[in-house]
Amino acid sequence: MTIKKAACIGGGVIGGGWIARLALNGIDVSVYDPHPEAKRKVDEVMANARRAYTRMAVKGLPKEGKVTFAGSIAEAVKGADFIQESVPERLDVKLKTIAEIEAAAPADALIGSSTSGFKATDMARDMAHPERFLVAHPFNPVYLLPINEIVPGEKTGKAFVERAREVYTSIGMKCVVINKEIDAFVGNRLLEAAWREALWLIKDGICTVEELDDIMRYGFGLRWAQMGMFQTYRIAGGEAGMRHFMAQFGPALAWPWTKLMDVPEFNDALVDMVATQSDDQSGQWSIRELERIRDENLIGIMEALAKAEKGKGWGAGELHNAYVKRLGKEAGKKSSKAAEKAKAEKPRKKK
Ligand SMILES: NC(=O)c1ccc[n+]([C@@H]2O[C@H](COP(=O)([O-])OP(=O)(O)OC[C@H]3O[C@@H](n4cnc5c(N)ncnc54)[C@H](O)[C@@H]3O)[C@@H](O)[C@H]2O)c1
């Protein structure tokens with residue numbers, strides 16, 4: 001199943017990433033974001049994403065989809081078969097936005113929410129047709145990172161879950177449908193745990209933000225990118241594998257190796273400490289420059305993984321191979337709008 005017309009409601013960090021992924025897959029996108037500078041920001045994200053795709057899509061790219069800015073949610077979602085909501089993470093804002101989307105969208109349009117933690121059941125509580133609504137949680141940068149946690153609500157229809165899987169897969173994503181609905185799903189549960197622990201380590205003066213990042217990126221961060229947690233620990237158990245690993249490190253669960261039961265107080269002093277150290281670490285680059293460095297690195301990592309297993313690819317690298325191939329196959333084809341227009345036009349008779 002492919003997308004004919006997409007609408008993105010919210011064009012910030014995540015909305016901008018969705019717009020870029022969709023447009024670079026040749027899909028026309030209608031955007032609504034009330035921020036006076038929304039277009040400038042989206043244009044800047046698009047420029048970085050275009051740069052990344054030009055570098056990554058070695059077999060070519062589809063003709064870019066058209067991005068248009070609408071004056072209201074109703075205007076943006078009109079005629080859209082796929083709608084992605086990426087407004088700020090406040091339940092009242094989500095509820096109001098979803099109501100406006102539902103009032104104007106085609107009755108069978110799929111509606112995905114980028115929320116980082118709210119349950120689809122809670123966000124869909126006032127919907128007349130909650131069966132077509134689900135959480136589709138991406139990670140930043142949405143145009144490069146393939147993962148998409150699909151979290152259906154109590155009333156999400158099975159057919160829409162399948163449709164979501166097909167639609168997001170068609171734009172190069174790896175969908176994982178989460179079994180049970182919980183706040184923050186799986187990825188953010190893990191990240192929240194690491195983030196809390198990291199804030200303790202900085203607050204207590206154990207290490208600086210730069211040292212903490214170095215411990216990650218020179219060490220287990222490299223392992224996680226290609227094998228995740230459990231495959232990595234299986235190897236760490238030696239020949240006896242996971243059972244030995246668990247026997248060796250199981251007792252540590254009861255030792256004071258974590259402060260996760262306790263939450264560091266979120267106050268100005270903590271924010272100043274972290275922000276100042278972060279300026280020392282990275283202040284020489286603008287955010288857009290850092291995004292470009294990140295994108296180059298991510299593509300490099302995926303390309304390295306794409307060569308693994310005799311070129312079949314490993315993990316994200318296997319998907320990368322398929323994605324680059326698919327983008328190449330679409331190269332040269334007209335954008336969906338242009339294709340529709342061409343189809344509608346009658347063939348001209350030769351004189
Ligand atoms: N930043 C991340 O790393 C990340 C990752 C995954 C998911 N998310 C989720 O994505 C969503 C958006 O987060 P973000 O980081 O892009 O935030 P953001 O602040 O960068 O963007 C939010 C955008 O929504 C716009 N907006 C505000 N009210 C609106 C309305 N009524 N209609 C349309 N647009 C409106 C704002 O002008 C802004 O541009 C949140 O639910 C967040 O939890 C964020």
# chains A, B, ... in the order shown; residues from 1 in each chain; ligands from 1
call {"tool": "residues_near_ligand", "arguments": {"ligand": "ligand 1", "cutoff": "6 Å", "atoms": "only C-alpha atoms and all ligand atoms", "output": "JSON, numbers by chain"}}
result
{"A": [9, 10, 11, 12, 13, 14, 15, 32, 33, 34, 35, 38, 86, 87, 88, 89, 97, 114, 115, 116, 137, 138, 139, 140]}
call {"tool": "select_by_dssp", "arguments": {"residues": "segment 166-329 of chain A", "states": "strand (DSSP E)", "output": "MDAnalysis selection string"}}
result
chainID A and resid 174:177
call {"tool": "residues_around", "arguments": {"residues": "Glu197 of chain A", "least_positions_apart": "6", "cutoff": "12 Å", "atoms": "only C-alpha atoms", "output": "ChimeraX atom specification"}}
result
/A:190-191,203-204,206-207,212,257-264
call {"tool": "write_last_selection", "arguments": {"atoms": "C-alpha atoms", "output": "JSON list (two decimals), in the first residue's frame"}}
result
[["chain", "number", "residue", "atom", "x", "y", "z"],
["A", 190, "LEU", "CA", 15.08, 2.38, 27.87],
["A", 191, "LEU", "CA", 16.21, 5.90, 27.06],
["A", 203, "LYS", "CA", 24.86, 16.00, 39.13],
["A", 204, "ASP", "CA", 27.05, 14.01, 41.53],
["A", 206, "ILE", "CA", 31.21, 11.60, 38.75],
["A", 207, "CYS", "CA", 31.90, 12.65, 35.14],
["A", 212, "LEU", "CA", 29.80, 10.33, 29.63],
["A", 257, "TRP", "CA", 24.71, -0.16, 40.61],
["A", 258, "THR", "CA", 21.84, 2.07, 39.73],
["A", 259, "LYS", "CA", 19.98, 5.02, 41.19],
["A", 260, "LEU", "CA", 16.91, 4.38, 39.12],
["A", 261, "MET", "CA", 14.61, 4.11, 42.08],
["A", 262, "ASP", "CA", 15.46, 7.69, 42.91],
["A", 263, "VAL", "CA", 14.89, 10.71, 40.65],
["A", 264, "PRO", "CA", 17.31, 13.68, 40.51]]
call {"tool": "select_by_dssp", "arguments": {"residues": "segment 57-219 of chain A", "states": "helix (DSSP H, G or I)", "output": "PyMOL selection string"}}
result
chain A and resi 73-77+91-104+120-123+130-132+158-170+187-203+209-219
call {"tool": "residues_around", "arguments": {"residues": "segment 1-8 of chain A", "least_positions_apart": "4", "cutoff": "7 Å", "atoms": "only C-alpha atoms", "output": "PyMOL selection string"}}
result
chain A and resi 15+19+27-32+76-77+80-85+166-167+170+336
call {"tool": "write_last_selection", "arguments": {"atoms": "N, CA, C and O atoms", "output": "PDB file, in the first residue's frame"}}
result
ATOM      1  N   GLY A  15       8.095  16.620  13.101  1.00  0.00           N
ATOM      2  CA  GLY A  15       7.265  16.851  11.917  1.00  0.00           C
ATOM      3  C   GLY A  15       8.144  17.140  10.698  1.00  0.00           C
ATOM      4  O   GLY A  15       7.904  16.605   9.605  1.00  0.00           O
ATOM      5  N   ILE A  19       8.165  15.130   7.187  1.00  0.00           N
ATOM      6  CA  ILE A  19       7.954  15.812   5.897  1.00  0.00           C
ATOM      7  C   ILE A  19       9.093  15.433   4.945  1.00  0.00           C
ATOM      8  O   ILE A  19       8.869  15.085   3.784  1.00  0.00           O
ATOM      9  N   ILE A  27       6.496  11.629  -2.231  1.00  0.00           N
ATOM     10  CA  ILE A  27       5.092  11.820  -1.828  1.00  0.00           C
ATOM     11  C   ILE A  27       4.814  13.305  -1.563  1.00  0.00           C
ATOM     12  O   ILE A  27       5.607  13.982  -0.893  1.00  0.00           O
ATOM     13  N   ASP A  28       3.693  13.790  -2.084  1.00  0.00           N
ATOM     14  CA  ASP A  28       3.304  15.180  -1.834  1.00  0.00           C
ATOM     15  C   ASP A  28       2.811  15.317  -0.389  1.00  0.00           C
ATOM     16  O   ASP A  28       2.053  14.469   0.094  1.00  0.00           O
ATOM     17  N   VAL A  29       3.250  16.371   0.277  1.00  0.00           N
ATOM     18  CA  VAL A  29       2.906  16.546   1.697  1.00  0.00           C
ATOM     19  C   VAL A  29       2.295  17.928   1.925  1.00  0.00           C
ATOM     20  O   VAL A  29       2.847  18.940   1.505  1.00  0.00           O
ATOM     21  N   SER A  30       1.173  17.917   2.619  1.00  0.00           N
ATOM     22  CA  SER A  30       0.553  19.170   3.008  1.00  0.00           C
ATOM     23  C   SER A  30       0.824  19.362   4.508  1.00  0.00           C
ATOM     24  O   SER A  30       0.629  18.440   5.297  1.00  0.00           O
ATOM     25  N   VAL A  31       1.280  20.556   4.872  1.00  0.00           N
ATOM     26  CA  VAL A  31       1.740  20.790   6.250  1.00  0.00           C
ATOM     27  C   VAL A  31       0.901  21.868   6.922  1.00  0.00           C
ATOM     28  O   VAL A  31       0.581  22.875   6.289  1.00  0.00           O
ATOM     29  N   TYR A  32       0.591  21.643   8.205  1.00  0.00           N
ATOM     30  CA  TYR A  32       0.042  22.756   8.980  1.00  0.00           C
ATOM     31  C   TYR A  32       0.864  22.916  10.256  1.00  0.00           C
ATOM     32  O   TYR A  32       1.044  21.946  11.018  1.00  0.00           O
ATOM     33  N   ALA A  76      -5.119  21.243   5.482  1.00  0.00           N
ATOM     34  CA  ALA A  76      -3.984  20.319   5.297  1.00  0.00           C
ATOM     35  C   ALA A  76      -4.443  18.876   5.091  1.00  0.00           C
ATOM     36  O   ALA A  76      -3.880  18.149   4.270  1.00  0.00           O
ATOM     37  N   VAL A  77      -5.450  18.445   5.846  1.00  0.00           N
ATOM     38  CA  VAL A  77      -5.812  17.013   5.810  1.00  0.00           C
ATOM     39  C   VAL A  77      -6.826  16.685   4.705  1.00  0.00           C
ATOM     40  O   VAL A  77      -7.109  15.515   4.457  1.00  0.00           O
ATOM     41  N   ALA A  80      -6.317  13.777   2.212  1.00  0.00           N
ATOM     42  CA  ALA A  80      -5.118  13.001   2.570  1.00  0.00           C
ATOM     43  C   ALA A  80      -5.516  11.578   2.974  1.00  0.00           C
ATOM     44  O   ALA A  80      -6.509  11.389   3.671  1.00  0.00           O
ATOM     45  N   ASP A  81      -4.742  10.586   2.524  1.00  0.00           N
ATOM     46  CA  ASP A  81      -5.026   9.214   2.967  1.00  0.00           C
ATOM     47  C   ASP A  81      -4.111   8.809   4.118  1.00  0.00           C
ATOM     48  O   ASP A  81      -4.286   7.764   4.726  1.00  0.00           O
ATOM     49  N   PHE A  82      -3.116   9.668   4.404  1.00  0.00           N
ATOM     50  CA  PHE A  82      -2.190   9.388   5.507  1.00  0.00           C
ATOM     51  C   PHE A  82      -1.892  10.688   6.242  1.00  0.00           C
ATOM     52  O   PHE A  82      -1.512  11.684   5.620  1.00  0.00           O
ATOM     53  N   ILE A  83      -2.087  10.668   7.566  1.00  0.00           N
ATOM     54  CA  ILE A  83      -1.883  11.884   8.366  1.00  0.00           C
ATOM     55  C   ILE A  83      -0.979  11.563   9.544  1.00  0.00           C
ATOM     56  O   ILE A  83      -1.210  10.576  10.264  1.00  0.00           O
ATOM     57  N   GLN A  84       0.063  12.372   9.730  1.00  0.00           N
ATOM     58  CA  GLN A  84       0.958  12.166  10.871  1.00  0.00           C
ATOM     59  C   GLN A  84       0.895  13.392  11.761  1.00  0.00           C
ATOM     60  O   GLN A  84       1.154  14.514  11.317  1.00  0.00           O
ATOM     61  N   GLU A  85       0.541  13.167  13.014  1.00  0.00           N
ATOM     62  CA  GLU A  85       0.434  14.261  13.996  1.00  0.00           C
ATOM     63  C   GLU A  85       1.739  14.354  14.778  1.00  0.00           C
ATOM     64  O   GLU A  85       2.189  13.361  15.353  1.00  0.00           O
ATOM     65  N   GLU A 166       2.222  -1.527   6.466  1.00  0.00           N
ATOM     66  CA  GLU A 166       2.537  -1.456   5.023  1.00  0.00           C
ATOM     67  C   GLU A 166       2.972  -0.049   4.607  1.00  0.00           C
ATOM     68  O   GLU A 166       3.937   0.132   3.883  1.00  0.00           O
ATOM     69  N   VAL A 167       2.219   0.936   5.103  1.00  0.00           N
ATOM     70  CA  VAL A 167       2.482   2.318   4.692  1.00  0.00           C
ATOM     71  C   VAL A 167       3.867   2.779   5.169  1.00  0.00           C
ATOM     72  O   VAL A 167       4.655   3.326   4.401  1.00  0.00           O
ATOM     73  N   SER A 170       6.608   1.128   3.385  1.00  0.00           N
ATOM     74  CA  SER A 170       6.774   1.611   2.005  1.00  0.00           C
ATOM     75  C   SER A 170       7.641   2.867   1.937  1.00  0.00           C
ATOM     76  O   SER A 170       8.121   3.224   0.874  1.00  0.00           O
ATOM     77  N   SER A 336       3.765  11.870  -7.165  1.00  0.00           N
ATOM     78  CA  SER A 336       2.398  11.356  -7.206  1.00  0.00           C
ATOM     79  C   SER A 336       1.431  12.357  -7.837  1.00  0.00           C
ATOM     80  O   SER A 336       0.572  11.998  -8.623  1.00  0.00           O
TER      81      SER A 336
END
